[in-house]
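Text of the file run33.cif, holding mmCIF, C-alpha atoms:
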```cif
data_query
loop_
_atom_site.label_atom_id
_atom_site.label_comp_id
_atom_site.auth_asym_id
_atom_site.auth_seq_id
_atom_site.Cartn_x
_atom_site.Cartn_y
_atom_site.Cartn_z
CA MET A 8 -4.71 40.09 -26.32
CA LYS A 9 -8.32 38.95 -26.18
CA THR A 10 -7.46 35.75 -28.09
CA LEU A 11 -4.54 35.01 -25.75
CA PHE A 12 -6.82 35.44 -22.76
CA ARG A 13 -9.38 33.02 -24.23
CA TRP A 14 -6.72 30.40 -24.94
CA LEU A 15 -5.36 30.82 -21.44
CA SER A 16 -8.84 30.48 -19.94
CA ALA A 17 -9.47 27.35 -22.05
CA LEU A 18 -6.20 25.89 -20.75
CA ILE A 19 -7.05 26.60 -17.13
CA VAL A 20 -10.62 25.32 -17.39
CA GLY A 21 -9.52 22.26 -19.40
CA VAL A 22 -6.81 21.27 -16.93
CA ALA A 23 -9.20 21.79 -14.00
CA LEU A 24 -11.89 19.70 -15.67
CA GLY A 25 -9.44 16.95 -16.60
CA ALA A 26 -7.93 16.78 -13.11
CA GLY A 27 -11.31 17.07 -11.40
CA SER A 28 -12.91 14.32 -13.46
CA LEU A 29 -9.88 12.13 -12.82
CA TRP A 30 -10.15 12.74 -9.07
CA TYR A 31 -13.84 11.79 -9.16
CA MET A 32 -13.29 8.63 -11.17
CA THR A 33 -10.31 7.62 -9.02
CA PHE A 34 -11.57 8.37 -5.53
CA ARG A 35 -15.38 8.49 -5.77
CA ALA A 36 -16.54 6.12 -8.48
CA ALA A 37 -16.66 2.41 -7.61
CA PRO A 38 -14.36 0.28 -9.80
CA PRO A 39 -15.64 -3.13 -10.95
CA SER A 40 -13.11 -5.04 -8.84
CA LEU A 41 -14.21 -3.36 -5.58
CA VAL A 42 -15.88 -5.71 -3.08
CA HIS A 43 -17.93 -4.47 -0.09
CA ASN A 44 -18.38 -6.22 3.23
CA GLY A 45 -20.15 -4.06 5.84
CA ILE A 46 -18.06 -0.95 6.40
CA TRP A 47 -15.09 -2.65 4.72
CA ARG A 48 -14.17 -2.64 1.07
CA THR A 49 -11.34 -4.25 -0.83
CA ASN A 50 -10.00 -4.14 -4.34
CA LEU A 51 -9.27 -7.72 -5.33
CA GLU A 52 -6.95 -6.63 -8.11
CA ALA A 53 -4.58 -4.62 -5.86
CA GLY A 54 -1.01 -5.14 -7.00
CA SER A 55 -2.14 -7.06 -10.07
CA ALA A 56 -1.32 -6.23 -13.67
CA ALA A 57 -5.01 -6.81 -14.46
CA ILE A 58 -6.18 -3.91 -12.32
CA ASP A 59 -8.12 -1.10 -14.01
CA ALA A 60 -6.30 2.19 -14.54
CA TYR A 61 -8.31 4.20 -12.00
CA SER A 62 -7.81 1.60 -9.26
CA ARG A 63 -4.09 1.49 -10.11
CA LEU A 64 -3.83 5.25 -9.62
CA ARG A 65 -5.88 5.15 -6.41
CA ILE A 66 -3.70 2.43 -4.91
CA ALA A 67 -0.53 4.24 -6.01
CA VAL A 68 -1.75 7.33 -4.13
CA THR A 69 -3.16 5.67 -1.02
CA SER A 70 -1.52 2.23 -0.70
CA LEU A 71 1.63 2.14 -2.80
CA LEU A 72 3.46 -1.20 -2.67
CA ALA A 73 0.42 -3.27 -1.74
CA LEU A 74 0.84 -7.01 -1.99
CA ASN A 75 -1.22 -8.93 -4.50
CA ARG A 76 -4.26 -10.96 -3.53
CA SER A 77 -2.40 -14.27 -3.42
CA GLU A 78 -0.43 -13.00 -0.44
CA THR A 79 -2.59 -10.50 1.39
CA ILE A 80 -6.10 -9.08 1.27
CA TYR A 81 -6.47 -5.50 2.42
CA PHE A 82 -9.85 -4.22 3.62
CA GLU A 83 -10.21 -0.51 4.19
CA ALA A 84 -12.90 1.52 5.94
CA SER A 85 -13.27 5.28 6.00
CA ALA A 86 -16.96 5.62 6.92
CA ASP A 87 -19.39 4.10 9.39
CA ALA A 88 -22.46 2.04 8.50
CA GLU A 89 -24.44 5.23 7.84
CA GLY A 90 -21.79 6.51 5.46
CA GLU A 91 -20.51 9.18 7.84
CA PRO A 92 -16.70 9.65 7.69
CA LEU A 93 -14.80 8.12 10.59
CA THR A 94 -13.71 10.96 12.82
CA ALA A 95 -11.73 11.36 16.02
CA ALA A 96 -14.62 13.49 17.29
CA CYS A 97 -16.39 10.20 18.00
CA ASP A 98 -15.33 7.03 19.82
CA TYR A 99 -15.85 3.65 18.15
CA THR A 100 -15.26 0.00 18.86
CA LEU A 101 -14.55 -2.84 16.48
CA THR A 102 -15.82 -6.21 17.65
CA GLY A 103 -15.93 -9.71 16.28
CA ALA A 104 -14.11 -12.99 15.96
CA PRO A 105 -10.47 -12.77 14.84
CA PRO A 106 -10.38 -12.91 11.03
CA GLU A 107 -9.45 -16.25 9.51
CA ALA A 108 -5.92 -15.58 8.36
CA ARG A 109 -2.39 -16.55 9.29
CA TRP A 110 -1.92 -13.06 10.70
CA TRP A 111 -4.07 -9.92 10.79
CA SER A 112 -3.82 -6.32 11.91
CA VAL A 113 -5.96 -3.19 12.02
CA THR A 114 -4.12 0.13 11.59
CA ALA A 115 -5.47 3.70 11.65
CA TYR A 116 -4.23 6.34 9.18
CA GLY A 117 -4.83 10.08 9.08
CA PRO A 118 -6.20 12.10 6.15
CA ASP A 119 -2.71 12.04 4.60
CA ASP A 120 -2.67 8.21 4.74
CA MET A 121 0.22 8.32 7.22
CA LEU A 122 0.36 6.90 10.76
CA ILE A 123 -1.38 9.13 13.31
CA HIS A 124 0.68 11.04 15.88
CA SER A 125 -0.20 10.24 19.50
CA ALA A 126 1.66 10.15 22.79
CA SER A 127 0.60 6.53 23.27
CA GLU A 128 1.99 5.46 19.86
CA ARG A 129 -0.93 3.03 19.58
CA TYR A 130 -1.02 2.75 15.81
CA SER A 131 -2.49 -0.72 15.39
CA ALA A 132 -3.96 -3.84 16.95
CA SER A 133 -2.95 -7.23 15.63
CA ALA A 134 -3.16 -10.96 16.11
CA ALA A 135 0.13 -10.68 17.99
CA SER A 136 -0.91 -7.88 20.32
CA VAL A 137 -4.62 -8.09 21.18
CA GLU A 138 -6.12 -9.54 24.32
CA THR A 139 -9.19 -11.60 23.45
CA ASN A 140 -12.48 -11.66 25.32
CA ALA A 141 -13.59 -14.72 27.30
CA ASP A 142 -15.59 -16.00 24.31
CA GLY A 143 -12.61 -15.68 21.97
CA SER A 144 -13.86 -12.52 20.29
CA VAL A 145 -11.85 -9.32 20.04
CA THR A 146 -12.79 -5.77 21.01
CA ILE A 147 -10.71 -2.89 19.65
CA ALA A 148 -11.30 0.66 20.92
CA LEU A 149 -10.82 3.55 18.48
CA THR A 150 -10.28 6.69 20.54
CA PRO A 151 -8.27 9.91 20.06
CA ASP A 152 -5.53 8.82 22.49
CA GLY A 153 -5.77 5.06 21.99
CA SER A 154 -7.29 4.42 25.42
CA GLY A 155 -9.61 1.46 25.90
CA PRO A 156 -9.30 -2.26 25.22
CA ASN A 157 -6.70 -3.00 22.51
CA GLY A 158 -6.95 0.73 21.76
CA ILE A 159 -5.85 2.45 18.57
CA ALA A 160 -5.27 6.23 18.57
CA THR A 161 -7.36 8.14 16.02
CA GLY A 162 -5.83 11.60 16.55
CA ASN A 163 -7.85 14.74 15.98
CA ALA A 164 -9.24 14.53 12.44
CA THR A 165 -10.88 12.10 10.09
CA PHE A 166 -9.18 8.74 9.74
CA ALA A 167 -9.29 5.49 7.82
CA LEU A 168 -8.78 1.90 8.94
CA LEU A 169 -6.82 -0.76 7.09
CA LEU A 170 -7.42 -4.41 7.94
CA ARG A 171 -4.56 -6.56 6.67
CA LEU A 172 -5.10 -10.30 6.27
CA TYR A 173 -1.87 -12.15 5.53
CA HIS A 174 -2.43 -15.60 4.03
CA PRO A 175 -6.19 -15.46 4.46
CA ALA A 176 -8.15 -18.70 4.77
CA GLU A 177 -9.21 -20.14 1.42
CA SER A 178 -12.89 -19.64 2.23
CA LEU A 179 -12.26 -15.98 3.00
CA ALA A 180 -10.22 -15.42 -0.15
CA ALA A 181 -12.93 -17.11 -2.22
CA ALA A 182 -15.76 -14.98 -0.82
CA PRO A 183 -14.40 -11.81 0.79
CA ASP A 184 -17.82 -10.17 0.59
CA ALA A 185 -19.25 -12.81 2.92
CA ALA A 186 -16.31 -13.14 5.34
CA ALA A 187 -16.83 -12.55 9.05
CA LEU A 188 -15.03 -9.26 9.67
CA PHE A 189 -15.02 -6.87 12.61
CA THR A 190 -18.19 -4.77 12.97
CA LEU A 191 -18.01 -1.10 13.89
CA ASN A 192 -20.02 0.35 16.76
CA LYS A 193 -20.24 4.11 17.15
CA GLY A 194 -19.99 5.47 20.69
CA SER A 195 -20.24 8.99 22.03
CA CYS A 196 -19.26 12.03 20.00
CA ARG A 197 -17.83 15.35 21.13
CA ALA A 198 -18.87 18.74 19.81
CA MET B 7 -12.02 32.66 -31.06
CA SER B 8 -15.66 31.58 -31.12
CA PHE B 9 -17.32 29.94 -28.12
CA VAL B 10 -17.55 26.63 -30.00
CA ARG B 11 -13.79 26.63 -30.63
CA TRP B 12 -13.19 27.57 -27.00
CA LEU B 13 -15.39 24.68 -25.88
CA ILE B 14 -13.60 22.21 -28.16
CA ALA B 15 -10.26 23.41 -26.80
CA VAL B 16 -11.48 22.92 -23.23
CA VAL B 17 -12.70 19.38 -23.96
CA VAL B 18 -9.46 18.40 -25.72
CA ILE B 19 -7.27 19.84 -22.95
CA ALA B 20 -9.43 18.14 -20.29
CA ALA B 21 -9.18 14.77 -22.04
CA LEU B 22 -5.40 15.10 -22.46
CA THR B 23 -4.94 16.08 -18.81
CA HIS B 24 -7.17 13.26 -17.60
CA GLY B 25 -5.46 10.66 -19.77
CA ALA B 26 -1.91 11.79 -19.08
CA LEU B 27 -2.34 11.84 -15.31
CA LEU B 28 -4.14 8.49 -15.39
CA TYR B 29 -1.50 6.84 -17.55
CA PHE B 30 1.67 8.34 -16.13
CA GLY B 31 0.54 9.00 -12.52
CA PRO B 32 1.31 5.57 -11.00
CA SER B 33 4.78 5.30 -12.56
CA LEU B 34 5.58 8.87 -11.49
CA ILE B 35 4.53 8.07 -7.92
CA MET B 36 6.59 4.88 -8.04
CA SER B 37 9.59 6.80 -9.42
CA ARG B 38 9.28 9.26 -6.57
CA ALA B 39 9.25 6.46 -3.99
CA MET B 40 12.26 4.85 -5.67
CA GLY B 41 14.00 8.21 -5.71
CA ARG B 42 13.64 8.52 -1.95
CA VAL B 43 15.30 5.13 -1.53
CA SER B 44 18.10 5.81 -4.00
CA ASP B 45 18.73 9.25 -2.48
CA ALA B 46 19.44 7.48 0.81
CA VAL B 47 21.56 4.49 -0.31
CA GLY B 48 21.82 4.63 -4.10
CA VAL B 49 20.35 2.35 -6.76
CA ASN B 50 20.80 -1.43 -6.43
CA ALA B 51 21.51 -1.16 -2.70
CA MET B 52 19.45 -2.14 0.31
CA LEU B 53 17.86 0.39 2.65
CA TYR B 54 17.03 -0.71 6.20
CA PRO B 55 14.46 1.82 7.44
CA PRO B 56 13.65 1.91 11.14
CA ARG B 57 10.35 0.48 12.36
CA PRO B 58 7.59 2.77 11.03
CA ASN B 59 6.05 5.28 13.40
CA ALA B 60 4.30 8.63 13.01
CA ALA B 61 7.60 10.54 13.21
CA ASN B 62 9.54 8.64 10.54
CA ASP B 63 6.73 7.47 8.23
CA THR B 64 7.49 8.23 4.57
CA ILE B 65 5.50 5.59 2.65
CA VAL B 66 1.69 5.81 2.69
CA ARG B 67 -0.04 3.22 4.84
CA SER B 68 3.09 1.48 6.09
CA SER B 69 2.55 -1.06 8.85
CA PRO B 70 4.00 -0.42 12.33
CA ASP B 71 3.97 -4.19 12.89
CA LEU B 72 6.49 -4.90 10.15
CA LEU B 73 10.17 -4.20 9.53
CA TYR B 74 10.85 -3.28 5.92
CA ASN B 75 13.90 -3.56 3.66
CA ILE B 76 13.76 -1.69 0.37
CA CYS B 77 15.94 -2.00 -2.73
CA ALA B 78 15.33 0.30 -5.71
CA TYR B 79 16.82 -1.41 -8.74
CA ASP B 80 17.80 -0.67 -12.30
CA VAL B 81 18.68 -3.75 -14.39
CA SER B 82 19.02 -1.94 -17.72
CA GLY B 83 22.80 -2.52 -17.66
CA LYS B 84 23.49 -5.39 -15.26
CA PRO B 85 21.26 -7.83 -13.39
CA LEU B 86 20.59 -7.51 -9.68
CA LEU B 87 21.51 -10.16 -7.13
CA LEU B 88 19.25 -10.26 -4.08
CA THR B 89 20.15 -12.41 -1.09
CA ALA B 90 18.28 -12.61 2.21
CA GLU B 91 17.87 -14.74 5.29
CA VAL B 92 14.37 -15.76 6.36
CA PRO B 93 13.87 -15.28 10.11
CA PRO B 94 12.34 -18.45 11.57
CA GLY B 95 8.87 -18.54 13.08
CA THR B 96 7.39 -15.37 11.64
CA TYR B 97 5.83 -14.06 8.45
CA TRP B 98 8.39 -12.86 5.91
CA SER B 99 8.12 -12.00 2.23
CA ALA B 100 10.09 -10.42 -0.58
CA ALA B 101 7.78 -8.59 -3.00
CA PHE B 102 8.92 -7.47 -6.44
CA TYR B 103 7.31 -4.39 -8.04
CA ASP B 104 7.76 -2.99 -11.52
CA LEU B 105 7.70 0.70 -12.40
CA ASN B 106 3.96 0.49 -13.13
CA THR B 107 3.31 -0.53 -9.48
CA ASN B 108 2.52 -4.16 -10.38
CA ASN B 109 3.49 -6.65 -7.67
CA TYR B 110 4.75 -9.15 -10.22
CA ARG B 111 6.24 -11.69 -7.82
CA VAL B 112 6.23 -12.56 -4.11
CA ILE B 113 8.39 -15.09 -2.30
CA ASN B 114 7.28 -15.73 1.28
CA ASP B 115 8.77 -17.64 4.20
CA ARG B 116 6.70 -20.76 3.41
CA GLN B 117 8.14 -20.84 -0.10
CA ALA B 118 11.73 -20.05 0.90
CA THR B 119 12.25 -23.48 2.38
CA THR B 120 16.05 -23.33 2.53
CA GLY B 121 16.07 -20.57 5.15
CA GLY B 122 16.92 -17.84 2.69
CA ILE B 123 16.66 -16.67 -0.89
CA ARG B 124 19.16 -15.99 -3.66
CA VAL B 125 17.48 -14.28 -6.61
CA LEU B 126 18.81 -12.79 -9.83
CA VAL B 127 16.57 -10.02 -11.19
CA THR B 128 17.12 -9.38 -14.89
CA LYS B 129 15.50 -7.60 -17.80
CA ALA B 130 13.76 -9.61 -20.49
CA GLY B 131 16.19 -11.13 -22.98
CA ALA B 132 19.21 -11.13 -20.66
CA PRO B 133 21.47 -14.21 -21.10
CA SER B 134 20.67 -16.97 -18.62
CA SER B 135 24.40 -17.79 -18.34
CA ASP B 136 24.68 -14.83 -15.96
CA THR B 137 22.72 -16.66 -13.27
CA PRO B 138 24.96 -17.54 -10.28
CA ALA B 139 24.83 -21.07 -8.93
CA GLY B 140 21.81 -21.70 -6.74
CA ALA B 141 20.03 -18.52 -7.72
CA GLU B 142 16.50 -18.27 -9.08
CA THR B 143 16.11 -15.92 -12.03
CA ILE B 144 13.22 -13.45 -12.04
CA ILE B 145 12.56 -11.31 -15.09
CA SER B 146 11.46 -7.79 -14.27
CA PRO B 147 8.72 -6.47 -16.60
CA THR B 148 10.39 -3.04 -16.52
CA THR B 149 14.11 -2.31 -16.20
CA ARG B 150 13.50 -0.22 -13.09
CA GLY B 151 11.59 -1.44 -10.07
CA LEU B 152 11.68 -2.07 -6.37
CA VAL B 153 11.99 -5.00 -3.98
CA LEU B 154 10.25 -4.68 -0.62
CA ILE B 155 11.01 -7.21 2.11
CA ARG B 156 8.52 -7.44 4.96
CA THR B 157 9.29 -9.12 8.28
CA LEU B 158 6.52 -9.40 10.85
CA ILE B 159 7.35 -8.50 14.44
CA ASN B 160 5.41 -11.43 15.82
CA ASP B 161 6.56 -10.77 19.39
CA GLU B 162 8.12 -7.59 20.78
CA ALA B 163 10.58 -9.79 22.65
CA ASN B 164 11.91 -10.99 19.27
CA LEU B 165 12.41 -7.50 17.83
CA ALA B 166 16.19 -7.35 18.21
CA ALA B 167 16.71 -10.80 16.66
CA ILE B 168 14.32 -10.07 13.78
CA ASP B 169 15.99 -6.72 13.17
CA GLU B 170 19.40 -8.38 13.06
CA ALA B 171 18.19 -11.09 10.67
CA ARG B 172 16.53 -8.68 8.23
CA LYS B 173 19.74 -6.64 8.01
CA GLN B 174 21.45 -9.65 6.43
CA ALA B 175 19.46 -8.97 3.24
CA LYS B 176 21.57 -7.45 0.45
CA CYS B 177 21.04 -6.39 -3.13
CA ARG B 178 23.76 -5.42 -5.60
CA SER B 179 24.54 -5.28 -9.30
CA LEU B 180 26.43 -8.24 -10.70
#
```

Would you write the structure of this file as structure tokens?
Amino acid sequence: MKTLFRWLSALIVGVALGAGSLWYMTFRAAPPSLVHNGIWRTNLEAGSAAIDAYSRLRIAVTSLLALNRSETIYFEASADAEGEPLTAACDYTLTGAPPEARWWSVTAYGPDDMLIHSASERYSASAASVETNADGSVTIALTPDGSGPNGIATGNATFALLLRLYHPAESLAAAPDAAALFTLNKGSCRA
Amino acid sequence: MSFVRWLIAVVVIAALTHGALLYFGPSLIMSRAMGRVSDAVGVNAMLYPPRPNAANDTIVRSSPDLLYNICAYDVSGKPLLLTAEVPPGTYWSAAFYDLNTNNYRVINDRQATTGGIRVLVTKAGAPSSDTPAGAETIISPTTRGLVLIRTLINDEANLAAIDEARKQAKCRSL
């Protein structure tokens, strides 16, 4: 009985350690193909057969059916410049020149990586939908109900942003870490 | 059972768990996604999901600015014939994924210069004589996979026309 209990405990601890270490390596460790640009980060090997195993698993969980780099570059952001998770308890704005791509969009996703429920159904802002400022720049409000200029609803929990760049400019594709992307400004927060 | 043996058992079980989930996880997730498509319309048939929103979203991080067509395929027995019209004036692409989640081929609207595509998806080693006239042959790295067609809603006023055009896409076994 004692031996059975020890084997059982070894099984439980082993599975927990194996799954926990995998979770850390997949979702917390930085893979070699990850590129940072301000709050944004992108995995240049998304959709590619050359991608490392941990990135493959991460993309399968969070962005299944991503296009490869030749077609689209995806930048994601889940934290502000200070590393604090993006949360609907705070308002934010994205500002900057429209990204150099044939078409672009910014979409907000909830903790489950699904579109966020809101009465306004303001899930995204895109090259086809935004109103630009007088100087040609774009301002996108990130608020719980999607109010504000070119607003996107962030719901009532933490959220992540996905910036899609379809057919990005060659210069952007060549140096995604130096590309001019939207900057995030943190506004007021609620208790 | 000594503590050293217990520790060795823990390390071995942890390594096996880690490796198995890492190796098989993506294909299991892909199989699940393909299962949802085939449950709805069967294998080697096209699904025309409605425009994604928070109420009908089933695929992680889908875009609400796109209309999707999805075909889960199995070419272990017969090849798959995919035909589609390319709506003019907007972004469109057909992306081919194998069971390991690799996006092994994309054909976009700038490449589909004839206004549509006609593609035969086969397994490696299939006879080329099966290819219908005018069709491009694409070899799938795995016998099971998925084709995802994206059509950008470039203007809400064009939604009905784009929706009608994307529903002309078909996939079937030959």

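Take the candidates B:Val66, B:Thr128, B:Arg172, B:Ser8 and check each one against Val81 of chain B using all atoms listed in the file; the shortest distance goes to B:Thr128.
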
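Using only C-alpha atoms, the smallest distance between any of B:Ser82, B:Ala90, B:Thr148, B:Leu158 and chain A comes from B:Leu158.
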
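Near chain A, within 6 Å and counting only C-alpha atoms, the residues of chain B are B:Val16, B:Ile19, B:Ala20, B:Ala21, B:Thr23, B:His24, B:Pro32, B:Ala60, B:Val66, B:Arg67, B:Asn108, B:Asn109, B:Asn160.
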
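Of the residues listed (A:Asn44, A:Thr94, A:Asn163, A:Ser178), A:Ser178 shows the shortest atom-to-atom separation from Ala108 of chain A; distances use all atoms listed in the file.
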
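As for atom CA of Leu87 of chain B and atom CA of Gly121 of chain B, they are spaced 17.0 Å apart.
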
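When the PyMOL selection byres ((chain A and resi 92) around 12) is evaluated on the file shown here, the picked residues come out as A:Ile46, A:Ala84, A:Ser85, A:Ala86, A:Asp87, A:Ala88, A:Glu89, A:Gly90, A:Glu91, A:Leu93, A:Thr94, A:Ala95, A:Ala96, A:Cys97, A:Gly117, A:Pro118, A:Ala164, A:Thr165, A:Phe166, A:Ala167, A:Leu168, A:Lys193.
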
Please determine the residues with any atom at most 9 Å from (17.8, -6.1, -15.1) (coordinates as given in the file, with only C-alpha atoms counting) and report them as a ChimeraX atom specification.
/B:79-86,126-130,132,145-146,148-150,179

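What separates atom CA of Met36 of chain B from atom CA of Ala100 of chain B is a distance of 17.4 Å.
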
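Using all atoms listed in the file for every distance, the candidate list A:Pro105, A:Gly162, A:Pro183, A:Gly153 yields A:Pro105 as the residue closest to Thr139 of chain A.
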
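Minimum atom-to-atom distance to Met40 of chain B, evaluated using only C-alpha atoms, belongs to B:Ala78 out of B:Val125, B:Val92, B:Ala175, B:Ala78.
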
Selection as an MDAnalysis selection string: residues within 12 Å of (18.3, -6.1, -1.4), counting all atoms listed in the file
chainID B and resid 43 47:54 74:79 86:91 100:102 123:127 151:156 172:179
